Amino acid sequence: MSWGLDGVTVRLGGRKALDGVTVVVEPSSVAVLVGGDGSGKSTCLRAMVGLVRPSAGTVRRPPKQEVGYIPATAGLYPDLTVDENVSFAAGAFGLTGRALATRSGELLERIGLGDARHRLGGQLSGGMQRKLAVVMALLHRPTLLVLDEPTTGVDPVSRAEVWRLISGAAAGGAAVVVSTTYVDEGRRASSVTLLESGGVIGSGSPADIVAAVPGTVGVVRSAARPPGPAWRWGSAWRVWAPTGALPDGAEPRPPEFEDAVVIAALAAEAGP
């Protein structure tokens with residue numbers, strides 16, 4: 001059975017924080033929500049785990065004891081050690097004794113926190129706190145794993161370690177949904193939902209997102225910004241021609257996933 005949101009609308013403070021959003025999270029797969037600040041990612045995940053109530057639509061999730069969740073803030077206790085944070089989280093799911101010691105030891109070593117077990121949560125770097133939060137969410141082997149920006153502030157090596165844990169959870173049968181502002185992380189997903197201002201501007205597999213790009217994409221190798229929709233791509237510029245006619249000097253290029261995300265946002269801003 002899949003989990004997620006079906007046509008969910010959420011109102012917060014008189015405004016629509018989500019507007020008819022659908023997100024499907026399948027077992028043994030990773031769904032990624034991609035969007036900037038204020039796009040609705042956190043509200044989606046909060047609705048999915050029952051922390052906000054939709055005004056319309058349907059939420060499908062397993063029983064509370066089968067959900068693992070970390071919020072955009074790390075969700076740990078700064079005055080408890082790493083081990084104490086882990087034990088506290090595990091206790092909520094009835095995980096104690098040898099089973100807890102084995103599971104926590106395995107996860108902490110894999111994420112690079114094995115030598116930090118006696119440090120206070122508040123003494124960890126922001127990246128280490130995010131890694132600890134992922135461990136706490138994974139302890140009880142949840143059916144649905146919901147992670148709000150788990151790699152924000154995490155260095156590239158640690159990001160890879162976090163993603164190995166996420167992929168491992170999916171390989172073990174969990175349905176995993178991850179929000180991120182890092183566009184490249186969407187390429188790791190089975191399915192991607194692009195969010196902008198509380199609405200969906202694109203969804204499907206990464207290949208589907210790329211295939212949906214309208215018009216033509218090109219590259220301009222110059223210091224000056226070319227005319228029309230354009231964005232930096234290393235030392236060059238990527239350009240998008242919605243009608244297919246690229247500006248002078250532009251070389252046509254097949255769109256990549258990052259191009260597709262930028263173009264979906266540009267198209268949404270332009271409107272119908």
# chains A, B, ... in the order shown; residues from 1 in each chain; ligands from 1
$ closest_atom_pairs --of "region 212-271 of chain A" --to "region 175-198 of chain A" --cutoff "10 Å" --atoms "only C-alpha atoms" --output "Markdown table"
| residue | atom | partner | partner_atom | distance |
| --- | --- | --- | --- | --- |
| A:Phe257 | CA | A:Arg187 | CA | 7.2 |
| A:Glu258 | CA | A:Val183 | CA | 6.3 |
| A:Asp259 | CA | A:Val183 | CA | 9.7 |
| A:Val261 | CA | A:Leu194 | CA | 7.3 |
| A:Val262 | CA | A:Val183 | CA | 9.2 |
| A:Ala264 | CA | A:Leu194 | CA | 8.1 |
| A:Ala265 | CA | A:Glu196 | CA | 7.1 |
| A:Ala268 | CA | A:Glu196 | CA | 8.0 |
| A:Glu269 | CA | A:Glu196 | CA | 9.2 |
$ write_last_selection --atoms "N, CA and C atoms" --output "mmCIF file, in the first residue's frame"
data_model
loop_
_atom_site.group_PDB
_atom_site.id
_atom_site.type_symbol
_atom_site.label_atom_id
_atom_site.label_comp_id
_atom_site.auth_asym_id
_atom_site.auth_seq_id
_atom_site.Cartn_x
_atom_site.Cartn_y
_atom_site.Cartn_z
ATOM 1 N N PHE A 257 18.511 17.272 -15.503
ATOM 2 C CA PHE A 257 17.493 17.360 -14.451
ATOM 3 C C PHE A 257 17.466 18.745 -13.826
ATOM 4 N N GLU A 258 18.639 19.322 -13.537
ATOM 5 C CA GLU A 258 18.691 20.650 -12.937
ATOM 6 C C GLU A 258 18.042 21.685 -13.841
ATOM 7 N N ASP A 259 18.269 21.575 -15.174
ATOM 8 C CA ASP A 259 17.615 22.476 -16.121
ATOM 9 C C ASP A 259 16.099 22.356 -16.005
ATOM 10 N N VAL A 261 14.221 21.462 -13.519
ATOM 11 C CA VAL A 261 13.671 22.064 -12.303
ATOM 12 C C VAL A 261 13.596 23.590 -12.448
ATOM 13 N N VAL A 262 14.658 24.193 -12.969
ATOM 14 C CA VAL A 262 14.665 25.645 -13.176
ATOM 15 C C VAL A 262 13.561 26.048 -14.150
ATOM 16 N N ALA A 264 10.775 24.458 -14.908
ATOM 17 C CA ALA A 264 9.446 24.296 -14.307
ATOM 18 C C ALA A 264 9.080 25.504 -13.462
ATOM 19 N N ALA A 265 10.051 26.037 -12.702
ATOM 20 C CA ALA A 265 9.803 27.229 -11.884
ATOM 21 C C ALA A 265 9.554 28.462 -12.770
ATOM 22 N N ALA A 268 6.129 28.226 -14.288
ATOM 23 C CA ALA A 268 5.097 28.512 -13.299
ATOM 24 C C ALA A 268 4.967 30.012 -13.050
ATOM 25 N N GLU A 269 6.098 30.714 -13.017
ATOM 26 C CA GLU A 269 6.068 32.163 -12.822
ATOM 27 C C GLU A 269 5.407 32.862 -14.006
#
$ residues_around --residues "Gly228 (chain A)" --least-positions-apart "2" --cutoff "12 Å" --atoms "only C-alpha atoms" --output "MDAnalysis selection string"
chainID A and resid 217:218 220 225:226 230:231 237:243 245:248 250 266
$ write_last_selection --atoms "N, CA and C atoms" --output "PDB file, in the first residue's frame"
ATOM      1  N   VAL A 217      16.606  23.969 -24.921  1.00  0.00           N
ATOM      2  CA  VAL A 217      17.638  24.405 -23.978  1.00  0.00           C
ATOM      3  C   VAL A 217      18.954  24.527 -24.736  1.00  0.00           C
ATOM      4  N   GLY A 218      19.727  25.552 -24.390  1.00  0.00           N
ATOM      5  CA  GLY A 218      21.026  25.727 -25.024  1.00  0.00           C
ATOM      6  C   GLY A 218      22.047  26.249 -24.042  1.00  0.00           C
ATOM      7  N   VAL A 220      25.328  29.098 -23.696  1.00  0.00           N
ATOM      8  CA  VAL A 220      26.018  30.260 -24.243  1.00  0.00           C
ATOM      9  C   VAL A 220      27.311  30.438 -23.469  1.00  0.00           C
ATOM     10  N   ARG A 225      25.356  38.055 -19.685  1.00  0.00           N
ATOM     11  CA  ARG A 225      24.097  37.309 -19.642  1.00  0.00           C
ATOM     12  C   ARG A 225      23.389  37.415 -20.989  1.00  0.00           C
ATOM     13  N   PRO A 226      22.986  36.297 -21.564  1.00  0.00           N
ATOM     14  CA  PRO A 226      22.266  36.339 -22.841  1.00  0.00           C
ATOM     15  C   PRO A 226      20.823  36.793 -22.646  1.00  0.00           C
ATOM     16  N   ALA A 230      17.606  32.800 -18.626  1.00  0.00           N
ATOM     17  CA  ALA A 230      18.977  32.281 -18.582  1.00  0.00           C
ATOM     18  C   ALA A 230      19.423  32.129 -17.144  1.00  0.00           C
ATOM     19  N   TRP A 231      20.312  31.174 -16.895  1.00  0.00           N
ATOM     20  CA  TRP A 231      20.866  30.968 -15.564  1.00  0.00           C
ATOM     21  C   TRP A 231      22.291  30.461 -15.699  1.00  0.00           C
ATOM     22  N   TRP A 237      26.407  29.987 -19.561  1.00  0.00           N
ATOM     23  CA  TRP A 237      24.997  30.251 -19.277  1.00  0.00           C
ATOM     24  C   TRP A 237      24.145  29.165 -19.918  1.00  0.00           C
ATOM     25  N   ARG A 238      23.142  28.721 -19.212  1.00  0.00           N
ATOM     26  CA  ARG A 238      22.086  27.928 -19.816  1.00  0.00           C
ATOM     27  C   ARG A 238      20.983  28.895 -20.228  1.00  0.00           C
ATOM     28  N   VAL A 239      20.378  28.650 -21.386  1.00  0.00           N
ATOM     29  CA  VAL A 239      19.267  29.480 -21.857  1.00  0.00           C
ATOM     30  C   VAL A 239      18.105  28.572 -22.225  1.00  0.00           C
ATOM     31  N   TRP A 240      16.916  29.107 -22.095  1.00  0.00           N
ATOM     32  CA  TRP A 240      15.704  28.363 -22.421  1.00  0.00           C
ATOM     33  C   TRP A 240      14.864  29.177 -23.377  1.00  0.00           C
ATOM     34  N   ALA A 241      14.488  28.556 -24.472  1.00  0.00           N
ATOM     35  CA  ALA A 241      13.610  29.191 -25.458  1.00  0.00           C
ATOM     36  C   ALA A 241      12.279  28.444 -25.465  1.00  0.00           C
ATOM     37  N   PRO A 242      11.249  28.979 -24.804  1.00  0.00           N
ATOM     38  CA  PRO A 242       9.962  28.269 -24.730  1.00  0.00           C
ATOM     39  C   PRO A 242       9.380  27.936 -26.095  1.00  0.00           C
ATOM     40  N   THR A 243       9.631  28.790 -27.096  1.00  0.00           N
ATOM     41  CA  THR A 243       9.083  28.551 -28.437  1.00  0.00           C
ATOM     42  C   THR A 243      10.036  27.776 -29.332  1.00  0.00           C
ATOM     43  N   ALA A 245      13.161  28.801 -30.389  1.00  0.00           N
ATOM     44  CA  ALA A 245      14.146  29.614 -31.105  1.00  0.00           C
ATOM     45  C   ALA A 245      15.177  30.167 -30.130  1.00  0.00           C
ATOM     46  N   LEU A 246      16.372  29.590 -30.106  1.00  0.00           N
ATOM     47  CA  LEU A 246      17.426  30.018 -29.198  1.00  0.00           C
ATOM     48  C   LEU A 246      18.037  31.334 -29.664  1.00  0.00           C
ATOM     49  N   PRO A 247      18.586  32.134 -28.739  1.00  0.00           N
ATOM     50  CA  PRO A 247      19.254  33.372 -29.142  1.00  0.00           C
ATOM     51  C   PRO A 247      20.532  33.080 -29.922  1.00  0.00           C
ATOM     52  N   ASP A 248      21.010  34.093 -30.652  1.00  0.00           N
ATOM     53  CA  ASP A 248      22.240  33.937 -31.425  1.00  0.00           C
ATOM     54  C   ASP A 248      23.395  33.518 -30.519  1.00  0.00           C
ATOM     55  N   ALA A 250      23.862  30.587 -29.152  1.00  0.00           N
ATOM     56  CA  ALA A 250      23.522  29.498 -28.232  1.00  0.00           C
ATOM     57  C   ALA A 250      23.636  28.155 -28.938  1.00  0.00           C
ATOM     58  N   LEU A 266      10.362  28.608 -13.824  1.00  0.00           N
ATOM     59  CA  LEU A 266      10.171  29.739 -14.746  1.00  0.00           C
ATOM     60  C   LEU A 266       8.817  29.684 -15.437  1.00  0.00           C
TER      61      LEU A 266
END
$ select_by_dssp --residues "region 81-162 of chain A" --states "strand (DSSP E or B)" --output "mmCIF file with N, CA and C atoms, in the first residue's frame"
data_model
loop_
_atom_site.group_PDB
_atom_site.id
_atom_site.type_symbol
_atom_site.label_atom_id
_atom_site.label_comp_id
_atom_site.auth_asym_id
_atom_site.auth_seq_id
_atom_site.Cartn_x
_atom_site.Cartn_y
_atom_site.Cartn_z
ATOM 1 N N THR A 81 23.146 13.672 25.944
ATOM 2 C CA THR A 81 24.217 13.175 25.093
ATOM 3 C C THR A 81 23.620 12.482 23.857
ATOM 4 N N LEU A 120 27.253 16.071 24.269
ATOM 5 C CA LEU A 120 25.911 16.645 24.349
ATOM 6 C C LEU A 120 25.422 17.026 22.958
ATOM 7 N N LEU A 144 6.993 4.081 7.241
ATOM 8 C CA LEU A 144 7.040 5.347 6.511
ATOM 9 C C LEU A 144 8.082 6.241 7.179
ATOM 10 N N LEU A 145 9.086 6.635 6.423
ATOM 11 C CA LEU A 145 10.162 7.485 6.928
ATOM 12 C C LEU A 145 10.030 8.856 6.275
ATOM 13 N N VAL A 146 9.856 9.894 7.092
ATOM 14 C CA VAL A 146 9.588 11.247 6.608
ATOM 15 C C VAL A 146 10.701 12.167 7.110
ATOM 16 N N LEU A 147 11.506 12.685 6.196
ATOM 17 C CA LEU A 147 12.699 13.455 6.550
ATOM 18 C C LEU A 147 12.644 14.837 5.918
ATOM 19 N N ASP A 148 12.590 15.858 6.767
ATOM 20 C CA ASP A 148 12.504 17.235 6.288
ATOM 21 C C ASP A 148 13.908 17.832 6.215
#
$ residues_around --residues "Gly199 (chain A)" --least-positions-apart "3" --cutoff "9 Å" --atoms "only C-alpha atoms" --output "ChimeraX atom specification"
/A:17-21,39-40,194-196
$ write_last_selection --atoms "C-alpha atoms" --output "compact mmCIF listing (two decimals), in the first residue's frame"
# COMPACT_ATOMS: atom_id res chain seq x y z
CA ALA A 17 0.01 26.86 2.49
CA LEU A 18 -0.80 23.90 0.22
CA ASP A 19 -3.21 23.93 -2.70
CA GLY A 20 -4.44 20.55 -3.91
CA VAL A 21 -1.11 18.76 -3.48
CA SER A 39 7.40 26.34 -1.37
CA GLY A 40 5.36 24.14 1.00
CA LEU A 194 8.46 20.01 -7.55
CA LEU A 195 6.78 22.57 -5.30
CA GLU A 196 6.37 26.30 -5.70
$ atom_distance --atom1 "CA of Arg253 (chain A)" --atom2 "CA of Ile209 (chain A)"
16.1 Å
$ residues_around --residues "region 53-65 of chain A" --least-positions-apart "5" --cutoff "12 Å" --atoms "only C-alpha atoms" --output "MDAnalysis selection string"
chainID A and resid 1:12 14:27 43:48 89:95 137 139:146 174:177
$ write_last_selection --atoms "C-alpha atoms" --output "PDB file, in the first residue's frame"
ATOM      1  CA  MET A   1       0.000   0.000   0.000  1.00  0.00           C
ATOM      2  CA  SER A   2       1.261   3.485  -0.840  1.00  0.00           C
ATOM      3  CA  TRP A   3       1.175   6.469   1.520  1.00  0.00           C
ATOM      4  CA  GLY A   4       1.022  10.207   0.995  1.00  0.00           C
ATOM      5  CA  LEU A   5      -1.287  13.084   0.124  1.00  0.00           C
ATOM      6  CA  ASP A   6      -4.216  13.098  -2.292  1.00  0.00           C
ATOM      7  CA  GLY A   7      -5.326  16.583  -3.360  1.00  0.00           C
ATOM      8  CA  VAL A   8      -4.460  18.080   0.025  1.00  0.00           C
ATOM      9  CA  THR A   9      -5.111  21.740   0.785  1.00  0.00           C
ATOM     10  CA  VAL A  10      -3.832  23.279   4.016  1.00  0.00           C
ATOM     11  CA  ARG A  11      -4.715  26.756   5.290  1.00  0.00           C
ATOM     12  CA  LEU A  12      -2.421  28.451   7.802  1.00  0.00           C
ATOM     13  CA  GLY A  14      -5.832  32.570   6.482  1.00  0.00           C
ATOM     14  CA  ARG A  15      -3.579  31.652   3.544  1.00  0.00           C
ATOM     15  CA  LYS A  16      -3.245  28.498   1.500  1.00  0.00           C
ATOM     16  CA  ALA A  17       0.010  26.859   2.486  1.00  0.00           C
ATOM     17  CA  LEU A  18      -0.803  23.896   0.224  1.00  0.00           C
ATOM     18  CA  ASP A  19      -3.206  23.929  -2.698  1.00  0.00           C
ATOM     19  CA  GLY A  20      -4.443  20.553  -3.907  1.00  0.00           C
ATOM     20  CA  VAL A  21      -1.108  18.764  -3.484  1.00  0.00           C
ATOM     21  CA  THR A  22      -0.708  15.076  -4.287  1.00  0.00           C
ATOM     22  CA  VAL A  23       2.403  13.153  -3.217  1.00  0.00           C
ATOM     23  CA  VAL A  24       2.592   9.373  -3.533  1.00  0.00           C
ATOM     24  CA  VAL A  25       5.165   7.461  -1.471  1.00  0.00           C
ATOM     25  CA  GLU A  26       5.573   3.791  -2.395  1.00  0.00           C
ATOM     26  CA  PRO A  27       7.151   1.094  -0.193  1.00  0.00           C
ATOM     27  CA  THR A  43       3.840  21.711   5.379  1.00  0.00           C
ATOM     28  CA  CYS A  44       3.505  18.674   3.098  1.00  0.00           C
ATOM     29  CA  LEU A  45       5.516  16.540   5.465  1.00  0.00           C
ATOM     30  CA  ARG A  46       3.783  17.893   8.573  1.00  0.00           C
ATOM     31  CA  ALA A  47       0.435  17.041   6.999  1.00  0.00           C
ATOM     32  CA  MET A  48       1.722  13.589   6.114  1.00  0.00           C
ATOM     33  CA  ALA A  89      13.746   8.281  20.983  1.00  0.00           C
ATOM     34  CA  ALA A  90      13.958   4.482  21.058  1.00  0.00           C
ATOM     35  CA  GLY A  91      11.940   4.287  24.260  1.00  0.00           C
ATOM     36  CA  ALA A  92       8.953   5.865  22.524  1.00  0.00           C
ATOM     37  CA  PHE A  93       8.851   2.828  20.230  1.00  0.00           C
ATOM     38  CA  GLY A  94       9.577   0.178  22.853  1.00  0.00           C
ATOM     39  CA  LEU A  95      13.146  -0.443  21.701  1.00  0.00           C
ATOM     40  CA  ALA A 137      14.123   8.413  13.017  1.00  0.00           C
ATOM     41  CA  LEU A 139      15.872   3.257  15.021  1.00  0.00           C
ATOM     42  CA  HIS A 140      12.542   1.431  14.987  1.00  0.00           C
ATOM     43  CA  ARG A 141      12.659   0.531  11.263  1.00  0.00           C
ATOM     44  CA  PRO A 142       9.610   2.612  10.316  1.00  0.00           C
ATOM     45  CA  THR A 143       7.181   1.671   7.568  1.00  0.00           C
ATOM     46  CA  LEU A 144       7.040   5.347   6.511  1.00  0.00           C
ATOM     47  CA  LEU A 145      10.162   7.485   6.928  1.00  0.00           C
ATOM     48  CA  VAL A 146       9.588  11.247   6.608  1.00  0.00           C
ATOM     49  CA  ALA A 174      10.349   1.444   3.957  1.00  0.00           C
ATOM     50  CA  ALA A 175       8.466   4.106   2.048  1.00  0.00           C
ATOM     51  CA  VAL A 176      10.727   7.162   2.288  1.00  0.00           C
ATOM     52  CA  VAL A 177       9.908  10.790   1.547  1.00  0.00           C
TER      53      VAL A 177
END
$ atom_distance --atom1 "CA of Pro252 (chain A)" --atom2 "CA of Val34 (chain A)"
26.1 Å
$ select_by_dssp --residues "region 131-216 of chain A" --states "alpha helix (DSSP H)" --output "PyMOL selection string"
chain A and resi 131-138+156-171+206-211
$ write_last_selection --atoms "C-alpha atoms" --output "PDB file, in the first residue's frame"
ATOM      1  CA  LYS A 131      22.879  13.064  11.152  1.00  0.00           C
ATOM      2  CA  LEU A 132      21.851  12.179  14.714  1.00  0.00           C
ATOM      3  CA  ALA A 133      18.244  13.094  13.908  1.00  0.00           C
ATOM      4  CA  VAL A 134      18.274  10.678  10.956  1.00  0.00           C
ATOM      5  CA  VAL A 135      19.533   7.907  13.243  1.00  0.00           C
ATOM      6  CA  MET A 136      16.761   8.619  15.755  1.00  0.00           C
ATOM      7  CA  ALA A 137      14.123   8.413  13.017  1.00  0.00           C
ATOM      8  CA  LEU A 138      15.480   5.116  11.711  1.00  0.00           C
ATOM      9  CA  PRO A 156      29.371  16.522   1.077  1.00  0.00           C
ATOM     10  CA  VAL A 157      30.900  13.398   2.649  1.00  0.00           C
ATOM     11  CA  SER A 158      28.280  13.306   5.375  1.00  0.00           C
ATOM     12  CA  ARG A 159      25.541  13.909   2.801  1.00  0.00           C
ATOM     13  CA  ALA A 160      26.649  10.727   1.081  1.00  0.00           C
ATOM     14  CA  GLU A 161      26.546   8.880   4.425  1.00  0.00           C
ATOM     15  CA  VAL A 162      23.013  10.144   5.118  1.00  0.00           C
ATOM     16  CA  TRP A 163      21.863   9.077   1.669  1.00  0.00           C
ATOM     17  CA  ARG A 164      23.323   5.609   2.176  1.00  0.00           C
ATOM     18  CA  LEU A 165      21.127   5.264   5.276  1.00  0.00           C
ATOM     19  CA  ILE A 166      18.102   6.599   3.385  1.00  0.00           C
ATOM     20  CA  SER A 167      18.687   4.213   0.482  1.00  0.00           C
ATOM     21  CA  GLY A 168      19.211   1.361   2.932  1.00  0.00           C
ATOM     22  CA  ALA A 169      15.868   2.070   4.604  1.00  0.00           C
ATOM     23  CA  ALA A 170      14.121   1.974   1.227  1.00  0.00           C
ATOM     24  CA  ALA A 171      15.948  -1.227   0.279  1.00  0.00           C
ATOM     25  CA  PRO A 206      13.512  12.265 -12.749  1.00  0.00           C
ATOM     26  CA  ALA A 207      13.330  11.116 -16.379  1.00  0.00           C
ATOM     27  CA  ASP A 208       9.679  12.224 -16.563  1.00  0.00           C
ATOM     28  CA  ILE A 209      10.614  15.665 -15.216  1.00  0.00           C
ATOM     29  CA  VAL A 210      13.272  16.048 -17.919  1.00  0.00           C
ATOM     30  CA  ALA A 211      11.017  14.726 -20.678  1.00  0.00           C
TER      31      ALA A 211
END
$ atom_distance --atom1 "CA of Gly126 (chain A)" --atom2 "CA of Leu107 (chain A)"
18.3 Å
$ residues_around --residues "Val213 (chain A)" --least-positions-apart "6" --cutoff "8 Å" --atoms "only C-alpha atoms" --output "JSON, numbers by chain"
{"A": [255, 260, 263, 264]}
$ closest_residue --among "A:Asp115, A:Ser87, A:Gly13, A:Ser203" --to "Ala99 (chain A)" --atoms "only C-alpha atoms"
A:Ser87
$ closest_residue --among "A:Thr96, A:Gly249, A:Val67, A:Val200" --to "Arg221 (chain A)" --atoms "only C-alpha atoms"
A:Gly249
